[in-house]
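Engineer: I have a structure here, written as structure tokens, and I will follow up with some questions on it.
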Amino acid sequence: MIFAMIKLSENTKKALIVFFLIFIILFVLIGYISLAIQGLMKKQGSKADGLLHDVVKVEYFSKEKDFRRYGIKKNAKVFFLEARIPFLIVLGSFFAYLLFCLFSGKWGYNPFSKVDGFGTLFFHYSEWPKEKFFGIKLISGWPTVVSKPHFEVKALFSYFFVPAFVVGIAWFLYYTLAYISRSLRIRKIARSIYRKKLVQEEPTSLTENNDSTT
Amino acid sequence: MLSLLKVFVRGIVVTLLLPIILLILVLYGVYCIGLFIFMFFKGVIDYFRGKTFNADLPEDLEARRMLLEKEKQEEQAKDMLNMMYESTMARSQFMNPNSETPSNSYDEPFDEPKEEPDFMDSLESDEIDEERSEEEQ
């Protein structure tokens, strides 16, 4: 009933189609990104196979619990060795920030600021202009450009600090993902080795029990 | 088309679960920072104890040693088998000096079995026509 009362102009229909298409493309893109991350995690997890190869081949551990404990220890060591550089980058940039604050005396300086921070390298827009129509505030136009990307001497420190900090954090998160992937893989390997063995070792006893009950 | 639809649905599910996924990642990130600091201090203590910090655990070294031993044992067993085979051959040669050493039948040229000639191949073309006409009659 309501839909029958709404009459859409051609322009509105076109806008709706475009909106719908953007909606579909966006979700397909997110789907593909998630698939790529899953593939990456599989690749990262396969590194655990190489790490555990010797121990599995000589059947060093007889219990799943011991194997898992060893896997956790090994994974932590590998993570530490891998994540040294990103951690040092983040730590170094943090200390640089502290030193900057100490020498400039600007405690609480925001390196992402639009005025004297990394934000000076981006476009900034005003708020969406709004007008009142029949008592309701509605958007009535496009926002205007407040500031264009420009170089600011005051923000020089942030131009070095922000990229280093962001790259360090992203790199550290990448290795965190690798740590999670390896943990999952170790759990899977432990399950496939030890739980299978349990089934293989005692099939006769299981059948005997079944026979005795029947 | 179906795969695209699957990816689209996956995209929607991931978007809905994104806050939870990000929360787990951030929590793991915090845990990893703690783990990193712990490993750092453990490494420092190990360094002053005279141990080198690398990815190998004592279990790894033991497993590697066991693996090498296993390989060595396998090689020894192979050598032993070869020696036994050679001594057996030498003994049989000594007991029967006139007997030939058994040759490997796989080395000999393999003759393919000859096919028997087809009856139709032995006939001339005229004879074939005659045969066919007789069959038709």
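Please note that chains go A, B, ... in the order of the structure tokens, that every chain numbers its residues from 1, and that ligands are numbered from 1 in the order shown.
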Which parts of chain A does DSSP call strand (DSSP E) when run on the backbone here, written out as a list of chain:residue names?

Structural biologist: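 The strand (DSSP E) residues within chain A come out as A:His124, A:Tyr125, A:Lys130, A:Glu131, A:Lys132, A:Phe133, A:Ile136, A:Lys137, A:Leu138, A:Ile139, A:Val145, A:Val146, A:Ser147.
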
Engineer: Please determine the contact residues of chain B with respect to chain A at a cut-off of 6 Å, counting only C-alpha atoms, and supply them as a ChimeraX atom specification.

Structural biologist: /B:7-8,10-12,36,55,63

Engineer: So that I can check the surroundings of Ser62 of chain A, please list as a list of chain:residue names every protein, DNA and RNA residue that reaches within 12 Å of it, counting only C-alpha atoms and ignoring chain neighbours fewer than 3 positions away.

Structural biologist: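 Near Ser62 of chain A, the qualifying residues are A:Val55, A:Val56, A:Val58, A:Glu59, A:Lys65, A:Asp66, A:Phe67, A:Arg68, A:Ala190, A:Ile193, A:Tyr194, A:Arg195, A:Lys197, A:Leu198.
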
Engineer: Deliver the residues from the most recent selection as a file, using N, CA and C atoms, as an mmCIF file, in the first residue's frame.

Structural biologist:
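Printed below is selection34.cif as written:
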```
data_model
loop_
_atom_site.group_PDB
_atom_site.id
_atom_site.type_symbol
_atom_site.label_atom_id
_atom_site.label_comp_id
_atom_site.auth_asym_id
_atom_site.auth_seq_id
_atom_site.Cartn_x
_atom_site.Cartn_y
_atom_site.Cartn_z
ATOM 1 N N VAL A 55 60.168 -33.435 15.567
ATOM 2 C CA VAL A 55 59.547 -33.996 16.782
ATOM 3 C C VAL A 55 58.460 -35.014 16.419
ATOM 4 N N VAL A 56 57.721 -34.707 15.357
ATOM 5 C CA VAL A 56 56.648 -35.619 14.942
ATOM 6 C C VAL A 56 57.239 -36.878 14.316
ATOM 7 N N VAL A 58 60.118 -38.406 14.799
ATOM 8 C CA VAL A 58 60.715 -39.389 15.731
ATOM 9 C C VAL A 58 59.738 -39.797 16.842
ATOM 10 N N GLU A 59 58.516 -39.270 16.746
ATOM 11 C CA GLU A 59 57.464 -39.563 17.748
ATOM 12 C C GLU A 59 57.986 -39.294 19.160
ATOM 13 N N LYS A 65 48.921 -33.705 25.299
ATOM 14 C CA LYS A 65 49.113 -32.545 26.187
ATOM 15 C C LYS A 65 50.551 -32.019 26.114
ATOM 16 N N ASP A 66 51.509 -32.955 26.159
ATOM 17 C CA ASP A 66 52.928 -32.576 26.099
ATOM 18 C C ASP A 66 53.264 -31.947 24.755
ATOM 19 N N PHE A 67 52.701 -32.546 23.721
ATOM 20 C CA PHE A 67 52.956 -32.035 22.375
ATOM 21 C C PHE A 67 52.426 -30.603 22.230
ATOM 22 N N ARG A 68 51.242 -30.377 22.757
ATOM 23 C CA ARG A 68 50.640 -29.044 22.682
ATOM 24 C C ARG A 68 51.455 -28.015 23.453
ATOM 25 N N ALA A 190 48.035 -31.737 16.426
ATOM 26 C CA ALA A 190 47.980 -32.544 17.652
ATOM 27 C C ALA A 190 46.761 -33.470 17.618
ATOM 28 N N ILE A 193 47.236 -36.302 14.986
ATOM 29 C CA ILE A 193 48.230 -37.345 15.316
ATOM 30 C C ILE A 193 47.754 -38.201 16.479
ATOM 31 N N TYR A 194 47.412 -37.556 17.582
ATOM 32 C CA TYR A 194 47.198 -38.315 18.813
ATOM 33 C C TYR A 194 45.802 -38.933 18.918
ATOM 34 N N ARG A 195 44.817 -38.238 18.432
ATOM 35 C CA ARG A 195 43.461 -38.805 18.543
ATOM 36 C C ARG A 195 43.279 -39.965 17.573
ATOM 37 N N LYS A 197 45.670 -42.018 16.709
ATOM 38 C CA LYS A 197 46.415 -43.119 17.284
ATOM 39 C C LYS A 197 45.557 -43.894 18.286
ATOM 40 N N LEU A 198 44.814 -43.166 19.053
ATOM 41 C CA LEU A 198 43.962 -43.770 20.068
ATOM 42 C C LEU A 198 42.963 -44.732 19.422
#
```

Engineer: May I have the residues within 12 Å of Lys42 of chain A as a compact mmCIF listing (two decimals) with C-alpha atoms, in the first residue's frame, using only C-alpha atoms and disregarding those fewer than 2 positions away in the same chain?

Structural biologist:
```txt
# COMPACT_ATOMS: atom_id res chain seq x y z
CA LEU A 35 39.06 -15.03 1.54
CA ALA A 36 42.50 -13.50 0.97
CA ILE A 37 43.07 -13.21 4.74
CA GLN A 38 41.99 -16.84 5.16
CA GLY A 39 44.50 -17.88 2.48
CA LEU A 40 47.21 -15.85 4.17
CA GLN A 44 51.26 -18.71 7.78
CA GLY A 45 49.93 -21.80 9.59
CA SER A 46 51.76 -24.16 7.24
CA LYS A 47 55.02 -22.86 8.72
CA ALA A 48 54.15 -24.83 11.87
CA ASP A 49 54.55 -28.06 9.87
CA LEU A 177 47.85 -13.15 12.90
CA ALA A 178 50.71 -15.54 12.09
CA TYR A 179 50.86 -16.51 15.77
CA ILE A 180 47.12 -17.25 15.81
CA SER A 181 47.38 -19.24 12.56
CA ARG A 182 50.25 -21.35 13.88
CA SER A 183 48.38 -21.96 17.17
CA LEU A 184 45.37 -23.23 15.25
CA ARG A 185 47.56 -25.40 13.03
```
